[in-house]
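One structure is given here, and the rest of the page talks about it.
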Amino acid sequence: MNFLRGVMGGPSAGPQPSGAETIQKLCDRVASSTLLDDRRDAVRALKSLSKKYRLEVGIQAMEHLIHVLQTDRSDSEIIGYALDTLYNVISNDLEEEEQDDSEEENLPKQVDDLGSQFTEIFIKQQENVTLLLTLVEEFDFHVRWPGVKLLTSLLKQQGPQVQQIILVSPMGVSRLMDLLADSREVIRNDGVLLLQQLTKSNAAIQKIVAFENAFERLLDIITEEGNSDGGIVVEDCLLLLQNLLKNNNSNQNFFKEGSYIQRMKPWFEVGDDNCGWSAQKVTNLHLMLQLVRVLVSPTNPPGATSSCQKAMFHCGLLEQLCTILMATGVPADILTETINTVSEVIRGCQMNQDYFASVNAPSNPPRPAIVVLLMSMVNERQPFVLRCAVLYCFQCFLYKNQKGQGEIVSTLLPSTIDATGNSVSAGQLLCGGLFSTDSLSNWCAAVALAHALQENATLKEQLLRVQLATSIGNPPVSLLQQCTNILSQGSKVQTRVGLLMLLCTWLSNCSIAVTHFLHNPANIPFLTGQIAENLGEEEQLVQGLCALLLGISIYYNDNSLENYRKEKLKQLIEKRIGRENFIEKLGFISKHELYSRAAQKPQPSFSSPDHMMFDHEFTKLVKELEGVISKAIYKSSEEDKKEEEVKKTLEQHDNIVTHYKKVIREQDQELEELKQRVNTLTSQNEQLQATVTQQVSQIQQHKDQYNLLKVQLGKDNQHHNSHSDTFQMNGIQTEEVSKLKEELEEWKNKHELLQGQLREKDSVIEKLKSSQLEMGTMEQSSQTSKSGGLEHNNELQKELEMLRSQIKLQSAEISKLQIENQKLQVMNATADPVLGGSGATAANNPELEGRLEQEIKELKSEVKALSEEKESLKQHLDSSSSTVAILQDEKSKLQQEVAESKKEQDDLLVLLADQDQKLSALKVKLKDLGVPIEDEDDIESGDQGDEDEDGDEEEQD
C-alpha cells in the first residue's frame, strides 16, 4: 500500500516518477504479486491512469490485463477493474477529454485510430473475444456491465472482424441476446446498443438475432417505455429494429408472419392534443414511420411488400396513419414523413388505394384527403419537402390504379364539373397549378397529371375533350392547346420541362392525341425552332425534350394529316435541324445529371426546388423511346412503307394469332373436359369391373352352397334307415317318427303293467288283513313295487326330455335353412339390377360392350339355373316344414299323455301311502293282541325275494 501511495501522488522526499515509469511498476506488480489484494490494487491504479495515459497503459498493460481476466475469474472486483481499464484504452469516446486534460505528455491528434489499433491487438487472439463472451454471461453487475461496454467498443472499432469471431463462437449471439432479459435497466439498455453494433451490415447475425425472439423483446421494451412518448431507450430499440429489417427479406417475412405489424398500431395513437411535442417524441415517431416504410419499400420484393400492405390495412395501421395525416398541430417533419409513409403503404395496392380515396379531412364541409393534399402541393407557401411528399403520395395513389386515374380525369370532363362552384375537385386543382405563376406548382401539377395518364390510352383520349375558359368573351380552348400556348410564351425552364413531360406522356402510344397536337399549325414550327437554336446550357434540357416530343409525333403518327405525314416531318427535320443534330439534342436528356438522379428511386428527392426537373416514371419512358425514335428518324420512306406494311401484316398476324389462340384455348378447354370425362368413365369402368368380379365370386359361392345342399340332401336319402341323435337339414324322416310312436306304445304298455301291479298289491293288502304273515309279505312287496314304479317314471321323464332337445335341434336347423334361403333370394334380387346397370354403363365404352353382353348372358343363365334349384329347395323346405308341424302335434299329444300318466302315478303314490299307514296300524294291533310278528330281517329277505320274482317277471314281459 505504501508503494501505491507513492504512485498515486502521496508525499515523497525524492523526485516524482514519470507516468510511464509508474505504469511499468504497476504492470510488474500485476505480473509478480502472489497476493490477490496486491494485484487488485495495482489493476485499480492502472484503471485510474488509463484515461490520461491511454497509449502507455495500452502498450504495457494489455497483456497483463488479459492474463488477469483468464486467471482471476473468481474475484469479480479485479475482473471489473481490468475490463474498465481495457475499455478506457480501446474506446475513442474519451479521446477529446484526454487531449484537453493532458499538457506535457499529450499525444498528437494523429491517434484517431488508436482505439482501432488496440482493438486489432486484442482480437488478434480470438480466444480473447470468446473469453469476453463468457464474462458477459456472468450475472455480477461489476463484471457484466463493463464487459458489455468493452464488447460494444470492440464492435465499433473493428465491426466485421469481431462479428465474424462472435458468429463462429458457439452460442455467441445467444449469450448476447440474454442481455435484453436482464432486470437491471442499465445493462439491458447497453445490451440494446451492443446488439445495434453487432447487427450492422451482417445478414447472418441479423437472422440469428431475429430468431432468438428479438422482435418480441424489443416491442415489449418499447411498450414498457411508453411507445412514442418514451425516452432514448425507445429510440435505441427502433434503431435496432431497423438494422434487423432493412434489406433483409427473411426477417421482414418473419416479422409479418409473427403478427408483429399489428403491434405497431399503438405507436401512432398520438391523441387529440398535439401541442408541445418533445424533441425525443418527434425523433421516436420519425423512426417508427421509417420502420413502417422499411416493410413496404418499393425496393422490396413485390410479393413481400404486398402482403405487408394488406396486413397494415387489416390491422388498422393505415387508418391510424391517415388520422395523423389529417390531424392538426402535427410537426411539419412528422407530417411530411407520415405522407411519405402513407404513400408507400398504398403504392400499387388496390385495396389500400381505395381506402385512401375514401378518407375525408375533418373540415366543414368534409373534403377528400386527396383534395386537401393537392391544395398543399400547389400552394407555394408550403414547405418544399412537404410539397414533394404530397406529389409522391399522389403518384403512389395512381400507381397501377386505373380506377383512381379515371376518377381524377373524370373531375376534368365537362359532364362531371360542379357547376355551383361550391367544392373544388382534384382536376381543377391540377389545372390551377398547371397554369399558376409558380413554376414549382406548374411542374408538380404537370407530373401529377402525367401520372393520371400513365399506361392508360383510354384516358389520354378522354382528356382531349377537356376545355378551358381562358378569359371572358373568348372561346374556350382545349387543355392540350393551352399547354402548347404556355410553352410558346417562354416561361421558366422548370415550367416548360414539366409541360413537355406531360405532353410526351400524353402523346406516347396515342395516335389520336398526336393528330390533335399536329392539327395546331404552330406546334411543329415551335418545336423545330427550339431544337435548331444554339441556346445556353440551361436550355439544352428543353431542347432535348422538344426533340423527344417531335420524335413521338413522328413515331406514333398515323399519317391521317396530309401535311404532317411521317415522311414530311422527317424531311423537315433534315432541312431545318439535321438528323445528327436532332439525335444529339435528343441525347441531352439521358446525359443530364438530374435525369440519372431521378432514375434511381420512385420517391422525388431534391436538394432544392431548382433541381426538380425529372420524374422517375418519365425516365422509364425516355429509356423506352430514345432508341426507337432514333431509328425512325433514319428510316427512308420506302422503309416506312415497308414498316407500315409489316405493321399491318403484324396486326393481321396478331389477329390471326389471337383467333387461333382463342380456338386453341377453346380446344384446350374441350380437351380438358374430355380428359375429365375419360377419367370419370375410366373410374366408372374400373368400379363396374370390380362389381362384376365381385358378383361372379358371389354367384360362385352360391353355386358352392347349392352343391353342398344337394350333397347333404343325397346323404339324408342314403342314411334315412340309420338312427342318429342329431337331425339333418332337410327335416326328420317318416321312419324315425314311426319309431318314436313305437317307443311311446312300449311306454304305454309298461304303464298298464304298473297299473296291474298296483291292483295286485291292493289284493295282497286285503289278504294281509286276514293273516299276519301275509301282511308282512304284502308290506315288503308293496315297498318293492313302489320303488320300481318310481324308477320307471324317472326313465320316462328322461326319454321325454331327450325328445324335446331333439325337436329343438330340428327347429334350429329349419330356421337356419330359412335364413339362408332368404339371403339367397336377396342376392338374386340384387344381382339382376347390378348386372343391368353395368351393362348400361359399359355401353358407353365400345371396347367393353361385346364382352360385357356375353358375360351378362352367361350370368343370367346361371342365375336362372340357380333360381330353379332354389325353387326345388324351397319345395323340400315346405315339405320339411309340414313334417315339423305334424311332429309338433304329436309332441303336444305325447306331452298331454305324459301329464296324465304322471297324475295317475301321483294317485298311486297317495294310495300306497294310505296302505302303509294301515299296515302300521295293523302291526300295532297285532302286538297288542299278542300275535307274534317275524323280525324285520326276515321280512326284508322275504321282500328281497319278492323283488327278484318281480324282476324276473318284468324281464319276461
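Chain identifiers are assigned as A, B, and so on, following the order in which chains appear in the C-alpha cells; residues are numbered from 1 within each chain, and ligands are numbered from 1 in order of appearance.
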Surrounding residues of stretch 528-530 of chain A excluding itself and chain neighbours under 3 positions, 12 Å, only C-alpha atoms, as number ranges by chain: A: 487-488, 490, 496, 522-525, 533-536, 539-551, 569-579, 581-582, 585
Per-residue DSSP, stretch 477-573 of chain A, filtered to helix (DSSP H, G or I), as a PyMOL selection string: chain A and resi 479-488+493-507+511-519+523-532+537-555+562-564+566-573
Non-local contacts of A:Glu138 (10 Å; only C-alpha atoms; under 6 positions in same chain excluded) as an MDAnalysis selection string: chainID A and resid 76 144:145 147
Mind writing the picked residues with all heavy atoms as a PDB file, in the first residue's frame?
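This went into result.pdb:
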ATOM      1  N   SER A  76     -14.596 -10.996  -8.697  1.00  0.00           N
ATOM      2  CA  SER A  76     -15.330 -10.123  -9.617  1.00  0.00           C
ATOM      3  C   SER A  76     -14.789  -8.699  -9.601  1.00  0.00           C
ATOM      4  O   SER A  76     -14.862  -7.988 -10.604  1.00  0.00           O
ATOM      5  CB  SER A  76     -16.820 -10.119  -9.264  1.00  0.00           C
ATOM      6  OG  SER A  76     -17.013  -9.646  -7.945  1.00  0.00           O
ATOM      7  N   ARG A 144     -20.479  -7.919 -15.624  1.00  0.00           N
ATOM      8  CA  ARG A 144     -21.294  -7.946 -16.839  1.00  0.00           C
ATOM      9  C   ARG A 144     -21.341  -6.583 -17.519  1.00  0.00           C
ATOM     10  O   ARG A 144     -21.201  -6.486 -18.741  1.00  0.00           O
ATOM     11  CB  ARG A 144     -22.719  -8.397 -16.489  1.00  0.00           C
ATOM     12  CG  ARG A 144     -23.519  -8.825 -17.705  1.00  0.00           C
ATOM     13  CD  ARG A 144     -24.847  -9.452 -17.329  1.00  0.00           C
ATOM     14  NE  ARG A 144     -25.300 -10.382 -18.356  1.00  0.00           N
ATOM     15  CZ  ARG A 144     -26.460 -11.027 -18.319  1.00  0.00           C
ATOM     16  NH1 ARG A 144     -27.262 -10.875 -17.289  1.00  0.00           N
ATOM     17  NH2 ARG A 144     -26.782 -11.854 -19.304  1.00  0.00           N
ATOM     18  N   TRP A 145     -21.538  -5.533 -16.751  1.00  0.00           N
ATOM     19  CA  TRP A 145     -21.702  -4.210 -17.372  1.00  0.00           C
ATOM     20  C   TRP A 145     -20.424  -3.744 -18.079  1.00  0.00           C
ATOM     21  O   TRP A 145     -20.471  -3.346 -19.245  1.00  0.00           O
ATOM     22  CB  TRP A 145     -22.159  -3.197 -16.309  1.00  0.00           C
ATOM     23  CG  TRP A 145     -22.526  -1.862 -16.901  1.00  0.00           C
ATOM     24  CD1 TRP A 145     -23.165  -1.651 -18.083  1.00  0.00           C
ATOM     25  CD2 TRP A 145     -22.257  -0.573 -16.342  1.00  0.00           C
ATOM     26  NE1 TRP A 145     -23.331  -0.308 -18.306  1.00  0.00           N
ATOM     27  CE2 TRP A 145     -22.783   0.382 -17.253  1.00  0.00           C
ATOM     28  CE3 TRP A 145     -21.655  -0.149 -15.181  1.00  0.00           C
ATOM     29  CZ2 TRP A 145     -22.691   1.751 -17.019  1.00  0.00           C
ATOM     30  CZ3 TRP A 145     -21.580   1.223 -14.935  1.00  0.00           C
ATOM     31  CH2 TRP A 145     -22.085   2.158 -15.859  1.00  0.00           C
ATOM     32  N   GLY A 147     -18.120  -5.573 -19.215  1.00  0.00           N
ATOM     33  CA  GLY A 147     -17.930  -6.486 -20.341  1.00  0.00           C
ATOM     34  C   GLY A 147     -18.760  -6.083 -21.539  1.00  0.00           C
ATOM     35  O   GLY A 147     -18.303  -6.130 -22.693  1.00  0.00           O
TER      36      GLY A 147
END
Best match for closeness to A:Leu912 among A:Leu758, A:Leu167, A:Leu241, A:Leu83, counting only C-alpha atoms: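 Between A:Leu758, A:Leu167, A:Leu241, A:Leu83, the residue approaching A:Leu912 most closely is A:Leu758.
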